[in-house]
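*Asks:* Have a look at the structure that comes next, please.
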Amino acid sequence: MAATYTFKPHNIGRWLIWSLFAVVLLVAPMIFKSNLSVTMLAQMGIAIIACLSYNMLLGQGGMLSFGHAVYTGLGSYMAMHALNAVSAGHLAIPVSLLPLIGGLSGMGFAVLLGWVTTRKSGTPFAMITLGVAELVFAMSLMFSEFFGGEAGVSGNRVAGQAFMGITFGPQIQIYYLIAIYTFVCVALMYAFTQTPLGRMLNAVRDNPERVEFIGYNTQLVRYLAFIIAGFFAGIAGGLGALNFEIVTAEVVGAARSGGYLLFTFLGGATFFFGPIIGGILMVIAFVLLSELTKAWLLYLGLIFLFMVMYAPGGIASLIMMNLRVAKYGKLAGIWVSYLGLGVTALVMLAGAGAMIEMVYHLQLNSALGDSVRFMGVPLNSRDVDSWVGASLVLMTGMGLFELARRHYAAQWSEIQASIEKDVQRGENAA
């Protein structure tokens with residue numbers, strides 16, 4: 001029988017996206033040249049790997065974990081101890097490969113803890129991960145020989161022999177190391193989504209009973225995915241150890257796990273690129289927003305609440321919905337509604353922000369006087385006029401936003417109905 005050959009064309013769009021991603025990683029520090037910018041870019045790369053590894057559990061497997069920081073954190077500790085061993089001459093391994101030590105450590109702990117964790121799904125799984133996270137955090141303060149107690153474990157990444165003048169002392173050198181790991185890890189995690197195991201993980205998420213019915217072990221599928229997620233989480237932890245040169249108990253704390261959950265959701269857990277957006281937002285919030293205001297966690301909570309109410313699919317879902325509208329040439333008809341939503345939302349946030357800043361000033365900075373500036377406007381935290389004015393701005397913004405939202409919802413429904421008619425006409429013509 002003669003062999004049959006089929007031609008499978010290259011996916012030009014996919015090649016273009018990955019090439020653009022590589023170019024962005026390459027030129028980003030050339031555009032943002034300050035030390036702060038380069039440091040933030042390095043942290044973004046680490047956060048992208050961590051959030052994508054977490055999304056293997058949440059988005060692809062439907063496993064809500066409250067303890068993902070256990071595997072990033074333990075990977076950080078193991079990588080730091082390996083770095084100190086290299087510095088002492090006890091371990092002959094290049095510094096550039098130390099993140100793999102973190103990855104293998106994260107995988108090892110996932111093998112150890114994941115078998116028990118993944119025996120359950122849904123709410124029991126979430127509670128077990130929370131218990132494991134609290135257990136590891138408590139151990140980090142008890143076993144100071146390994147965890148370093150409250151002071152943590154520190155090291156010096158300028159260790160071993162330099163290769164072609166690369167010592168990883170300058171921040172730009174460690175950034176490009178993180179960029180290489182980021183690109184490779186993102187590519188590998190995307191490749192995982194295309195494998196039979198990745199597809200079966202989606203099936204376990206959507207219909208575990210049917211997966212069991214056709215003969216697959218759902219617990220084994222979750223366990224294998226948990227191990228792979230632990231490996232990439234450990235790599236992120238190892239990169240973090242090299243970047244900061246110190247590891248403290250905070251890296252295995254509940255706040256870090258909550259951060260991964262929060263920003264993976266905000267980015268969009270149902271799309272592969274959603275956690276990438278979430279990782280970028282995570283660093284912006286933790287570094288920039290926390291410097292601008294002491295109430296940054298409250299603002300973050302309000303944003304999260306707003307997204308849950310109006311965009312539960314995250315930022316990625318908003319992008320994909322509008323790309324579909326743009327595909328049918330109907331995006332130009334809705335941009336005015338977006339402008340109205342944006343302006344009214346800013347008015348509403350301005351009123352809420354003024355009240356929040358005055359409350360925080362009264363609670364934390366009252367010794368500095370009654371005056372506080374918000375968005376360049378002087379406010380008196382003890383003056384009734386300031387409170388009344390902020391309340392009026394807030395109420396006006398809420399009313400206008402609701403009107404703009406209703407107009408947008410009606411216009412969006414009309415556009416979706418029009419798109420469905422176009423699709424049906426295309427199918428009938430075919």
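Going through the structure tokens in order, the chains are called A, B, and so on, while each chain numbers its residues from 1 and the ligands are numbered from 1 in the order shown.
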Give me the residues within 12 Å of range 312-329 of chain A as a PyMOL selection string, counting only C-alpha atoms and dropping any in the same chain fewer than 2 places off.
*Replies:* chain A and resi 59+262-278+281+303-310+331-335+338+412-423+426
*Asks:* Please write the residues from the selection above to a file, keeping C-alpha atoms, as a PDB file, in the first residue's frame.
*Replies:*
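Output (part_7.pdb):
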```pdb
ATOM      1  CA  GLY A  59      -7.657  26.807  35.175  1.00  0.00           C
ATOM      2  CA  LEU A 262      -5.944  36.411  43.145  1.00  0.00           C
ATOM      3  CA  PHE A 263      -3.842  37.481  40.186  1.00  0.00           C
ATOM      4  CA  THR A 264      -4.319  34.277  38.220  1.00  0.00           C
ATOM      5  CA  PHE A 265      -8.053  34.897  38.509  1.00  0.00           C
ATOM      6  CA  LEU A 266      -7.730  38.577  37.595  1.00  0.00           C
ATOM      7  CA  GLY A 267      -5.634  37.739  34.551  1.00  0.00           C
ATOM      8  CA  GLY A 268      -8.062  35.051  33.427  1.00  0.00           C
ATOM      9  CA  ALA A 269      -7.710  31.426  34.498  1.00  0.00           C
ATOM     10  CA  THR A 270      -9.682  30.073  31.530  1.00  0.00           C
ATOM     11  CA  PHE A 271      -7.117  31.239  28.959  1.00  0.00           C
ATOM     12  CA  PHE A 272      -3.446  30.293  28.766  1.00  0.00           C
ATOM     13  CA  PHE A 273      -2.223  33.878  28.494  1.00  0.00           C
ATOM     14  CA  GLY A 274      -4.415  35.064  31.367  1.00  0.00           C
ATOM     15  CA  PRO A 275      -1.896  34.187  34.121  1.00  0.00           C
ATOM     16  CA  ILE A 276       0.784  36.031  32.146  1.00  0.00           C
ATOM     17  CA  ILE A 277      -1.297  39.188  32.502  1.00  0.00           C
ATOM     18  CA  GLY A 278      -1.902  38.297  36.131  1.00  0.00           C
ATOM     19  CA  LEU A 281      -0.281  42.901  37.448  1.00  0.00           C
ATOM     20  CA  ILE A 303     -10.802  45.607  42.050  1.00  0.00           C
ATOM     21  CA  PHE A 304     -11.171  41.877  42.689  1.00  0.00           C
ATOM     22  CA  LEU A 305     -14.798  42.359  43.767  1.00  0.00           C
ATOM     23  CA  PHE A 306     -15.465  44.492  40.695  1.00  0.00           C
ATOM     24  CA  MET A 307     -13.984  41.826  38.393  1.00  0.00           C
ATOM     25  CA  VAL A 308     -15.968  39.020  40.029  1.00  0.00           C
ATOM     26  CA  MET A 309     -19.194  40.981  39.527  1.00  0.00           C
ATOM     27  CA  TYR A 310     -18.688  42.247  35.989  1.00  0.00           C
ATOM     28  CA  LEU A 331     -15.809  46.987  17.429  1.00  0.00           C
ATOM     29  CA  ALA A 332     -15.963  50.567  16.108  1.00  0.00           C
ATOM     30  CA  GLY A 333     -19.625  50.801  17.061  1.00  0.00           C
ATOM     31  CA  ILE A 334     -19.019  50.147  20.744  1.00  0.00           C
ATOM     32  CA  TRP A 335     -15.938  52.215  21.568  1.00  0.00           C
ATOM     33  CA  TYR A 338     -16.264  51.761  26.517  1.00  0.00           C
ATOM     34  CA  TRP A 412     -23.469  44.442  23.362  1.00  0.00           C
ATOM     35  CA  SER A 413     -26.556  42.202  23.077  1.00  0.00           C
ATOM     36  CA  GLU A 414     -27.424  43.763  19.729  1.00  0.00           C
ATOM     37  CA  ILE A 415     -23.884  43.214  18.447  1.00  0.00           C
ATOM     38  CA  GLN A 416     -23.869  39.567  19.576  1.00  0.00           C
ATOM     39  CA  ALA A 417     -27.238  38.971  17.884  1.00  0.00           C
ATOM     40  CA  SER A 418     -25.881  40.543  14.701  1.00  0.00           C
ATOM     41  CA  ILE A 419     -22.781  38.333  14.838  1.00  0.00           C
ATOM     42  CA  GLU A 420     -24.909  35.219  15.275  1.00  0.00           C
ATOM     43  CA  LYS A 421     -26.917  36.179  12.187  1.00  0.00           C
ATOM     44  CA  ASP A 422     -23.688  36.633  10.213  1.00  0.00           C
ATOM     45  CA  VAL A 423     -22.475  33.217  11.364  1.00  0.00           C
ATOM     46  CA  GLY A 426     -22.119  31.977   6.464  1.00  0.00           C
TER      47      GLY A 426
END
```
*Asks:* What's around range 157-167 of chain A at 12 Å? Count only C-alpha atoms, leave out sequence neighbours fewer than 5 positions away in its own chain, and write the answer as a PyMOL selection string.
*Replies:* chain A and resi 79-99+172-174+176-177+238-246
*Asks:* Which neighbours of Phe146 in chain A fall inside 9 Å, counting only C-alpha atoms, when residues of the same chain fewer than 4 positions from it are skipped, and could you give them as an MDAnalysis selection string?
*Replies:* chainID A and resid 77 81 140 152:153
*Asks:* Give me a file of those residues, with N, CA and C atoms, as a PDB file, in the first residue's frame.
*Replies:*
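Resulting contents of again.pdb:
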```pdb
ATOM      1  N   TYR A  77      14.046  27.780  48.983  1.00  0.00           N
ATOM      2  CA  TYR A  77      14.953  27.366  50.065  1.00  0.00           C
ATOM      3  C   TYR A  77      16.009  26.384  49.554  1.00  0.00           C
ATOM      4  N   HIS A  81      20.053  27.006  49.476  1.00  0.00           N
ATOM      5  CA  HIS A  81      21.037  26.125  50.122  1.00  0.00           C
ATOM      6  C   HIS A  81      22.039  25.597  49.088  1.00  0.00           C
ATOM      7  N   SER A 140       8.423  26.393  59.099  1.00  0.00           N
ATOM      8  CA  SER A 140       9.468  27.352  58.721  1.00  0.00           C
ATOM      9  C   SER A 140       9.941  28.174  59.909  1.00  0.00           C
ATOM     10  N   GLY A 152      15.574  34.154  57.950  1.00  0.00           N
ATOM     11  CA  GLY A 152      15.643  33.497  56.654  1.00  0.00           C
ATOM     12  C   GLY A 152      17.047  33.013  56.325  1.00  0.00           C
ATOM     13  N   VAL A 153      17.244  32.660  55.068  1.00  0.00           N
ATOM     14  CA  VAL A 153      18.529  32.168  54.568  1.00  0.00           C
ATOM     15  C   VAL A 153      18.964  33.090  53.436  1.00  0.00           C
TER      16      VAL A 153
END
```
*Asks:* What are the closest atom pairs, with distances in Å to one decimal, for all residues of range 93-122 of chain A lying within 9 Å of range 221-236 of chain A? Consider only C-alpha atoms, order rows by chain and residue number, and present the result as JSON lines.
*Replies:*
```
{"residue": "A:Leu98", "atom": "CA", "partner": "A:Ile235", "partner_atom": "CA", "distance": 8.7}
{"residue": "A:Pro99", "atom": "CA", "partner": "A:Ile235", "partner_atom": "CA", "distance": 5.0}
{"residue": "A:Leu100", "atom": "CA", "partner": "A:Ile235", "partner_atom": "CA", "distance": 5.9}
{"residue": "A:Ile101", "atom": "CA", "partner": "A:Ile235", "partner_atom": "CA", "distance": 7.6}
{"residue": "A:Gly102", "atom": "CA", "partner": "A:Gly234", "partner_atom": "CA", "distance": 4.6}
{"residue": "A:Gly103", "atom": "CA", "partner": "A:Gly234", "partner_atom": "CA", "distance": 3.9}
{"residue": "A:Leu104", "atom": "CA", "partner": "A:Phe231", "partner_atom": "CA", "distance": 5.9}
{"residue": "A:Ser105", "atom": "CA", "partner": "A:Gly234", "partner_atom": "CA", "distance": 6.4}
{"residue": "A:Gly106", "atom": "CA", "partner": "A:Gly234", "partner_atom": "CA", "distance": 4.3}
{"residue": "A:Met107", "atom": "CA", "partner": "A:Phe231", "partner_atom": "CA", "distance": 4.3}
{"residue": "A:Gly108", "atom": "CA", "partner": "A:Ile227", "partner_atom": "CA", "distance": 7.8}
{"residue": "A:Phe109", "atom": "CA", "partner": "A:Gly230", "partner_atom": "CA", "distance": 7.6}
{"residue": "A:Ala110", "atom": "CA", "partner": "A:Ile227", "partner_atom": "CA", "distance": 5.1}
{"residue": "A:Val111", "atom": "CA", "partner": "A:Ile227", "partner_atom": "CA", "distance": 5.9}
{"residue": "A:Gly114", "atom": "CA", "partner": "A:Tyr223", "partner_atom": "CA", "distance": 6.1}
{"residue": "A:Trp115", "atom": "CA", "partner": "A:Tyr223", "partner_atom": "CA", "distance": 6.2}
{"residue": "A:Thr117", "atom": "CA", "partner": "A:Tyr223", "partner_atom": "CA", "distance": 8.3}
{"residue": "A:Thr118", "atom": "CA", "partner": "A:Tyr223", "partner_atom": "CA", "distance": 5.7}
{"residue": "A:Arg119", "atom": "CA", "partner": "A:Tyr223", "partner_atom": "CA", "distance": 8.1}
{"residue": "A:Ser121", "atom": "CA", "partner": "A:Arg222", "partner_atom": "CA", "distance": 8.8}
```
*Asks:* Assign secondary structure with DSSP using the backbone only, and return the residues of range 252-402 of chain A in helix (DSSP H, G or I) as a PyMOL selection string.
*Replies:* chain A and resi 252+254-267+274-292+296-310+314-327+331-333+335-364+366-368+384-402
